[in-house]
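Visitor: Here it is: the structure, laid out below.
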Amino acid sequence: MSNKIYLAFINEHFPPCWENLAHDLNRCVHFKFEHIRLKIDLNLFYSHERQQYHSTLILSRVLNSLPPDAHRIVGITQVDLYIPILTFLFGEAQFNGAGALVSTFRLNNKFYGLPKDDKLLYIRTRKEIMHELGHTFGLVHCQNFKCVMHSSTYVEDIDMKTTILCQDCQKILGIECRE
Ligand SMILES: [Zn+2]
Ligand SMILES: [Zn+2]
């Protein structure tokens, strides 16, 4: 039975406090989370011109590794992602699909020349995974700026959001998030 959500750490990239992700994501997403490691030759998806990595191509590679009992899979990488029409991406998801991909590159204070903050990086990573998972469950962007499904252009937008779905989004999915 496909009842598990896999958090797939790409090329040994384990964000800070990653051990807490399963427990914390479980507040909204009532599935069993499992961890796997994925080895992906990211050079294949690198654009020399942009000095970034093609998100959609990496996502399809992640989906190739979908375990048979997987309900969803979320790849987690530290490289900077792009798609041709966008300057960068925090993450990408298949709408109502099985896969998502999240990058911590622009969630990290290091990128902005600010002091390291592992706790903040963890919270941002958790929000971004929750956001992309929301899309895989068919949620669109939410107008409520506190909702984790609110769209984020800048990292400051992510910091404005809570870690969970708003009441309206919870209702759409017929679930209840625990605080
Ligand atoms: Zn989104
Ligand atoms: Zn919402």
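Labels for the structure tokens follow display order: chains A, B, ..., residues from 1 in each chain, ligands from 1.
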Contacts of Leu25 (chain A) at 8 Å or less, counting only C-alpha atoms, minus same-chain residues fewer than 3 places along, as a PDB file with N, CA and C atoms, in the first residue's frame?
Guide:
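And here's out-v4.pdb as it stands now:
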ATOM      1  N   LEU A  21      11.749  16.779  11.213  1.00  0.00           N
ATOM      2  CA  LEU A  21      10.826  17.100  10.112  1.00  0.00           C
ATOM      3  C   LEU A  21       9.597  16.193  10.114  1.00  0.00           C
ATOM      4  N   ALA A  22       9.832  14.886  10.240  1.00  0.00           N
ATOM      5  CA  ALA A  22       8.719  13.937  10.164  1.00  0.00           C
ATOM      6  C   ALA A  22       7.670  14.267  11.225  1.00  0.00           C
ATOM      7  N   CYS A  28       0.189  18.415  10.192  1.00  0.00           N
ATOM      8  CA  CYS A  28      -0.815  18.660   9.145  1.00  0.00           C
ATOM      9  C   CYS A  28      -0.980  17.463   8.217  1.00  0.00           C
ATOM     10  N   VAL A  29       0.099  16.788   7.952  1.00  0.00           N
ATOM     11  CA  VAL A  29       0.081  15.715   6.952  1.00  0.00           C
ATOM     12  C   VAL A  29       0.098  14.386   7.687  1.00  0.00           C
ATOM     13  N   ARG A 126      11.049  23.543   6.818  1.00  0.00           N
ATOM     14  CA  ARG A 126       9.798  22.866   7.169  1.00  0.00           C
ATOM     15  C   ARG A 126       8.611  23.509   6.463  1.00  0.00           C
ATOM     16  N   MET A 130       6.246  21.759   3.605  1.00  0.00           N
ATOM     17  CA  MET A 130       4.793  21.728   3.824  1.00  0.00           C
ATOM     18  C   MET A 130       4.068  22.386   2.642  1.00  0.00           C
TER      19      MET A 130
END
Visitor: Residues of region 45-122 of chain A classed as strand (DSSP E or B) by DSSP on the backbone are to be reported as a PyMOL selection string.
Guide: chain A and resi 46-47+52-54+70-77+81-83+86-89+91-93+99-103
Visitor: Restrict the selected residues to N, CA and C atoms and save them as a compact mmCIF listing (two decimals), in the first residue's frame.
Guide:
# COMPACT_ATOMS: atom_id res chain seq x y z
N TYR A 46 22.91 20.99 -14.46
CA TYR A 46 23.52 22.30 -14.20
C TYR A 46 23.54 23.14 -15.48
N SER A 47 23.16 24.41 -15.32
CA SER A 47 23.28 25.35 -16.44
C SER A 47 24.48 26.25 -16.18
N GLN A 52 22.95 27.60 -12.10
CA GLN A 52 21.87 27.04 -11.28
C GLN A 52 21.50 25.67 -11.84
N TYR A 53 20.60 24.99 -11.13
CA TYR A 53 20.24 23.63 -11.51
C TYR A 53 18.76 23.56 -11.90
N HIS A 54 18.48 22.82 -12.96
CA HIS A 54 17.13 22.77 -13.52
C HIS A 54 16.20 21.94 -12.62
N ALA A 70 5.44 4.33 -1.74
CA ALA A 70 5.43 5.79 -1.53
C ALA A 70 4.12 6.40 -1.99
N HIS A 71 3.56 7.22 -1.12
CA HIS A 71 2.39 8.02 -1.47
C HIS A 71 2.88 9.32 -2.11
N ARG A 72 3.95 9.85 -1.54
CA ARG A 72 4.59 11.07 -2.03
C ARG A 72 6.09 10.95 -1.79
N ILE A 73 6.85 11.75 -2.56
CA ILE A 73 8.28 11.85 -2.29
C ILE A 73 8.69 13.33 -2.40
N VAL A 74 9.48 13.79 -1.46
CA VAL A 74 9.97 15.17 -1.49
C VAL A 74 11.49 15.13 -1.47
N GLY A 75 12.09 15.57 -2.56
CA GLY A 75 13.55 15.66 -2.61
C GLY A 75 14.00 16.93 -1.91
N ILE A 76 15.12 16.85 -1.20
CA ILE A 76 15.66 18.01 -0.49
C ILE A 76 17.10 18.19 -0.92
N THR A 77 17.37 19.37 -1.47
CA THR A 77 18.70 19.62 -2.01
C THR A 77 19.24 20.96 -1.51
N LEU A 81 17.99 26.32 -7.46
CA LEU A 81 17.11 25.78 -8.50
C LEU A 81 16.56 26.87 -9.42
N TYR A 82 16.33 26.50 -10.66
CA TYR A 82 15.66 27.41 -11.59
C TYR A 82 14.76 26.61 -12.52
N ILE A 83 13.82 27.32 -13.13
CA ILE A 83 13.16 26.83 -14.33
C ILE A 83 13.27 27.95 -15.35
N LEU A 86 11.67 31.38 -14.63
CA LEU A 86 11.83 32.03 -13.33
C LEU A 86 13.31 32.18 -12.97
N THR A 87 13.60 33.26 -12.23
CA THR A 87 14.97 33.53 -11.78
C THR A 87 15.46 32.46 -10.82
N PHE A 88 14.58 32.06 -9.93
CA PHE A 88 14.93 30.99 -8.99
C PHE A 88 13.66 30.39 -8.41
N LEU A 89 13.83 29.28 -7.72
CA LEU A 89 12.71 28.61 -7.06
C LEU A 89 13.13 28.18 -5.66
N GLY A 91 11.19 25.90 -4.36
CA GLY A 91 10.79 24.50 -4.51
C GLY A 91 9.82 24.36 -5.66
N GLU A 92 9.53 23.13 -5.98
CA GLU A 92 8.61 22.84 -7.08
C GLU A 92 7.82 21.59 -6.70
N ALA A 93 6.57 21.56 -7.15
CA ALA A 93 5.75 20.38 -6.85
C ALA A 93 4.91 20.02 -8.04
N GLY A 99 5.26 13.97 -6.53
CA GLY A 99 6.60 14.44 -6.18
C GLY A 99 6.74 15.93 -5.98
N ALA A 100 7.72 16.27 -5.16
CA ALA A 100 8.09 17.67 -4.93
C ALA A 100 9.58 17.74 -4.69
N LEU A 101 10.09 18.96 -4.85
CA LEU A 101 11.52 19.19 -4.65
C LEU A 101 11.66 20.52 -3.91
N VAL A 102 12.57 20.53 -2.93
CA VAL A 102 12.79 21.74 -2.12
C VAL A 102 14.28 22.03 -2.07
N SER A 103 14.62 23.31 -2.21
CA SER A 103 16.02 23.70 -2.07
C SER A 103 16.20 24.58 -0.84
Visitor: Got a sec: who's within 10 Å of Pro84 (chain A), counting only C-alpha atoms, leaving out chain neighbours fewer than 5 positions off, as a PyMOL selection string?
Guide: chain A and resi 50+54-56
Visitor: Give the residues close to ligand 1, within 8 Å, counting only C-alpha atoms and all ligand atoms; write them as a list of chain:residue names.
Guide: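 These are the residues that qualify: A:Gly91, A:Glu92, A:Ala93, A:His131, A:Glu132, A:His135, A:Val140, A:His141, A:Met149, A:His150, A:Ser151, A:Ser152.
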Visitor: Using N, CA and C atoms, can you export the residues from the last selection as a short mmCIF file (atom, residue, chain, number, x, y, z; two decimals), in the first residue's frame?
Guide:
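Listed below is the output, out_29.cif:
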data_model
loop_
_atom_site.label_atom_id
_atom_site.label_comp_id
_atom_site.auth_asym_id
_atom_site.auth_seq_id
_atom_site.Cartn_x
_atom_site.Cartn_y
_atom_site.Cartn_z
N GLY A 91 11.19 25.90 -4.36
CA GLY A 91 10.79 24.50 -4.51
C GLY A 91 9.82 24.36 -5.66
N GLU A 92 9.53 23.13 -5.98
CA GLU A 92 8.61 22.84 -7.08
C GLU A 92 7.82 21.59 -6.70
N ALA A 93 6.57 21.56 -7.15
CA ALA A 93 5.75 20.38 -6.85
C ALA A 93 4.91 20.02 -8.04
N HIS A 131 4.59 23.52 2.18
CA HIS A 131 4.00 24.24 1.05
C HIS A 131 3.95 23.34 -0.20
N GLU A 132 5.08 22.76 -0.53
CA GLU A 132 5.13 21.94 -1.75
C GLU A 132 4.26 20.69 -1.60
N HIS A 135 0.74 21.52 -2.45
CA HIS A 135 0.46 21.48 -3.90
C HIS A 135 0.24 20.04 -4.38
N VAL A 140 -3.98 25.15 -4.01
CA VAL A 140 -3.40 26.26 -4.76
C VAL A 140 -2.94 27.33 -3.77
N HIS A 141 -2.34 28.40 -4.29
CA HIS A 141 -1.86 29.45 -3.38
C HIS A 141 -3.03 30.11 -2.66
N MET A 149 0.39 27.98 2.63
CA MET A 149 0.16 27.92 1.18
C MET A 149 0.18 29.30 0.50
N HIS A 150 0.44 30.35 1.27
CA HIS A 150 0.62 31.67 0.66
C HIS A 150 1.87 31.61 -0.22
N SER A 151 1.83 32.29 -1.37
CA SER A 151 2.99 32.21 -2.25
C SER A 151 4.11 33.11 -1.72
N SER A 152 5.34 32.69 -1.92
CA SER A 152 6.48 33.43 -1.40
C SER A 152 7.43 33.79 -2.53
#
Visitor: Let me see if you get this right: every residue at most 6 Å from ligand 2, counting only C-alpha atoms and all ligand atoms, written as a PDB file with N, CA and C atoms, in the first residue's frame.
Guide:
ATOM      1  N   CYS A 142      -2.783  30.426  -1.401  1.00  0.00           N
ATOM      2  CA  CYS A 142      -3.813  30.952  -0.512  1.00  0.00           C
ATOM      3  C   CYS A 142      -3.560  32.443  -0.289  1.00  0.00           C
ATOM      4  N   ASN A 144      -4.376  34.138   2.338  1.00  0.00           N
ATOM      5  CA  ASN A 144      -4.054  34.382   3.745  1.00  0.00           C
ATOM      6  C   ASN A 144      -2.529  34.358   3.936  1.00  0.00           C
ATOM      7  N   CYS A 147      -0.918  31.749   6.058  1.00  0.00           N
ATOM      8  CA  CYS A 147      -1.069  30.337   5.673  1.00  0.00           C
ATOM      9  C   CYS A 147       0.198  29.850   4.977  1.00  0.00           C
ATOM     10  N   MET A 149       0.390  27.984   2.629  1.00  0.00           N
ATOM     11  CA  MET A 149       0.165  27.924   1.180  1.00  0.00           C
ATOM     12  C   MET A 149       0.176  29.296   0.504  1.00  0.00           C
ATOM     13  N   LEU A 165      -1.289  24.993   7.616  1.00  0.00           N
ATOM     14  CA  LEU A 165      -2.367  25.437   6.728  1.00  0.00           C
ATOM     15  C   LEU A 165      -3.370  26.275   7.520  1.00  0.00           C
ATOM     16  N   CYS A 166      -3.940  27.279   6.872  1.00  0.00           N
ATOM     17  CA  CYS A 166      -5.004  28.056   7.508  1.00  0.00           C
ATOM     18  C   CYS A 166      -6.275  27.205   7.589  1.00  0.00           C
ATOM     19  N   ASP A 168      -9.139  27.580   6.206  1.00  0.00           N
ATOM     20  CA  ASP A 168      -9.779  27.349   4.900  1.00  0.00           C
ATOM     21  C   ASP A 168      -9.097  26.200   4.150  1.00  0.00           C
ATOM     22  N   CYS A 169      -7.761  26.222   4.141  1.00  0.00           N
ATOM     23  CA  CYS A 169      -7.028  25.166   3.434  1.00  0.00           C
ATOM     24  C   CYS A 169      -7.212  23.814   4.130  1.00  0.00           C
TER      25      CYS A 169
END
Visitor: Taking into account only C-alpha atoms, which residue in the set A:Val155, A:Leu59, A:Ile123, A:Ile175 is nearest to Phe111 (chain A)?
Guide: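 Looking only at the distances to Phe111 (chain A), the closest residue turns out to be A:Val155.
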Visitor: Report the distance between CA of Pro15 (chain A) and CA of Asn108 (chain A) in Å, rounded to one decimal place.
Guide: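 Interatomic distance, CA of Pro15 (chain A) to CA of Asn108 (chain A): 9.8 Å.
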Visitor: Any chance you could list, as a ChimeraX atom specification, the residues in region 25-131 of chain A that come up helix (DSSP H, G or I) when DSSP is run on the backbone?
Guide: /A:25,42-45,55-64,109-112,118-131
Visitor: I'd like the neighbourhood of Ile36 (chain A) as an mmCIF file with N, CA and C atoms, in the first residue's frame, where a residue qualifies if any of its atoms comes within 12 Å (using only C-alpha atoms), though same-chain residues fewer than 5 positions away should be ignored.
Guide:
data_model
loop_
_atom_site.group_PDB
_atom_site.id
_atom_site.type_symbol
_atom_site.label_atom_id
_atom_site.label_comp_id
_atom_site.auth_asym_id
_atom_site.auth_seq_id
_atom_site.Cartn_x
_atom_site.Cartn_y
_atom_site.Cartn_z
ATOM 1 N N LYS A 4 3.102 5.997 2.553
ATOM 2 C CA LYS A 4 4.225 6.687 3.188
ATOM 3 C C LYS A 4 4.647 7.905 2.382
ATOM 4 N N ILE A 5 5.139 8.886 3.103
ATOM 5 C CA ILE A 5 5.731 10.029 2.430
ATOM 6 C C ILE A 5 7.235 9.984 2.685
ATOM 7 N N TYR A 6 7.976 9.962 1.603
ATOM 8 C CA TYR A 6 9.427 9.858 1.715
ATOM 9 C C TYR A 6 10.080 11.233 1.649
ATOM 10 N N LEU A 7 10.922 11.502 2.621
ATOM 11 C CA LEU A 7 11.782 12.679 2.568
ATOM 12 C C LEU A 7 13.122 12.183 2.046
ATOM 13 N N ALA A 8 13.460 12.643 0.844
ATOM 14 C CA ALA A 8 14.635 12.104 0.152
ATOM 15 C C ALA A 8 15.769 13.122 0.186
ATOM 16 N N PHE A 9 16.767 12.831 0.980
ATOM 17 C CA PHE A 9 17.896 13.753 1.130
ATOM 18 C C PHE A 9 18.889 13.493 -0.003
ATOM 19 N N ILE A 10 19.081 14.520 -0.822
ATOM 20 C CA ILE A 10 19.877 14.350 -2.034
ATOM 21 C C ILE A 10 21.357 14.589 -1.746
ATOM 22 N N ASN A 11 22.147 13.621 -2.102
ATOM 23 C CA ASN A 11 23.621 13.697 -1.956
ATOM 24 C C ASN A 11 24.050 14.101 -0.542
ATOM 25 N N GLU A 12 23.436 13.421 0.428
ATOM 26 C CA GLU A 12 23.829 13.596 1.840
ATOM 27 C C GLU A 12 23.599 15.004 2.361
ATOM 28 N N HIS A 13 22.663 15.726 1.741
ATOM 29 C CA HIS A 13 22.341 17.046 2.298
ATOM 30 C C HIS A 13 21.241 16.898 3.342
ATOM 31 N N PHE A 14 21.646 16.989 4.603
ATOM 32 C CA PHE A 14 20.699 16.915 5.709
ATOM 33 C C PHE A 14 20.610 18.294 6.347
ATOM 34 N N TRP A 18 16.955 17.992 10.831
ATOM 35 C CA TRP A 18 16.136 17.228 9.884
ATOM 36 C C TRP A 18 15.397 16.080 10.582
ATOM 37 N N VAL A 62 14.050 12.519 -9.172
ATOM 38 C CA VAL A 62 13.594 12.114 -7.827
ATOM 39 C C VAL A 62 12.427 11.132 -7.963
ATOM 40 N N SER A 65 12.943 7.549 -8.493
ATOM 41 C CA SER A 65 13.351 6.782 -7.308
ATOM 42 C C SER A 65 12.190 6.550 -6.360
ATOM 43 N N LEU A 66 10.988 6.766 -6.842
ATOM 44 C CA LEU A 66 9.804 6.606 -5.990
ATOM 45 C C LEU A 66 9.692 5.164 -5.489
ATOM 46 N N PRO A 67 9.803 4.954 -4.176
ATOM 47 C CA PRO A 67 9.659 3.580 -3.671
ATOM 48 C C PRO A 67 8.238 3.073 -3.902
ATOM 49 N N ALA A 70 5.442 4.334 -1.745
ATOM 50 C CA ALA A 70 5.434 5.788 -1.534
ATOM 51 C C ALA A 70 4.120 6.401 -1.986
ATOM 52 N N ILE A 73 6.851 11.746 -2.557
ATOM 53 C CA ILE A 73 8.279 11.854 -2.290
ATOM 54 C C ILE A 73 8.685 13.329 -2.405
ATOM 55 N N VAL A 74 9.476 13.786 -1.455
ATOM 56 C CA VAL A 74 9.974 15.166 -1.486
ATOM 57 C C VAL A 74 11.493 15.133 -1.467
ATOM 58 N N GLY A 75 12.092 15.567 -2.563
ATOM 59 C CA GLY A 75 13.550 15.662 -2.613
ATOM 60 C C GLY A 75 14.004 16.935 -1.914
ATOM 61 N N ILE A 76 15.116 16.847 -1.197
ATOM 62 C CA ILE A 76 15.657 18.007 -0.487
ATOM 63 C C ILE A 76 17.103 18.189 -0.918
#
Visitor: Point out the residue among A:Phe145, A:Leu57, A:Glu19, A:Arg178 with the least atom-to-atom distance to Leu42 (chain A), counting only C-alpha atoms.
Guide: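 Counting only C-alpha atoms, the residue closest to Leu42 (chain A) is A:Leu57.
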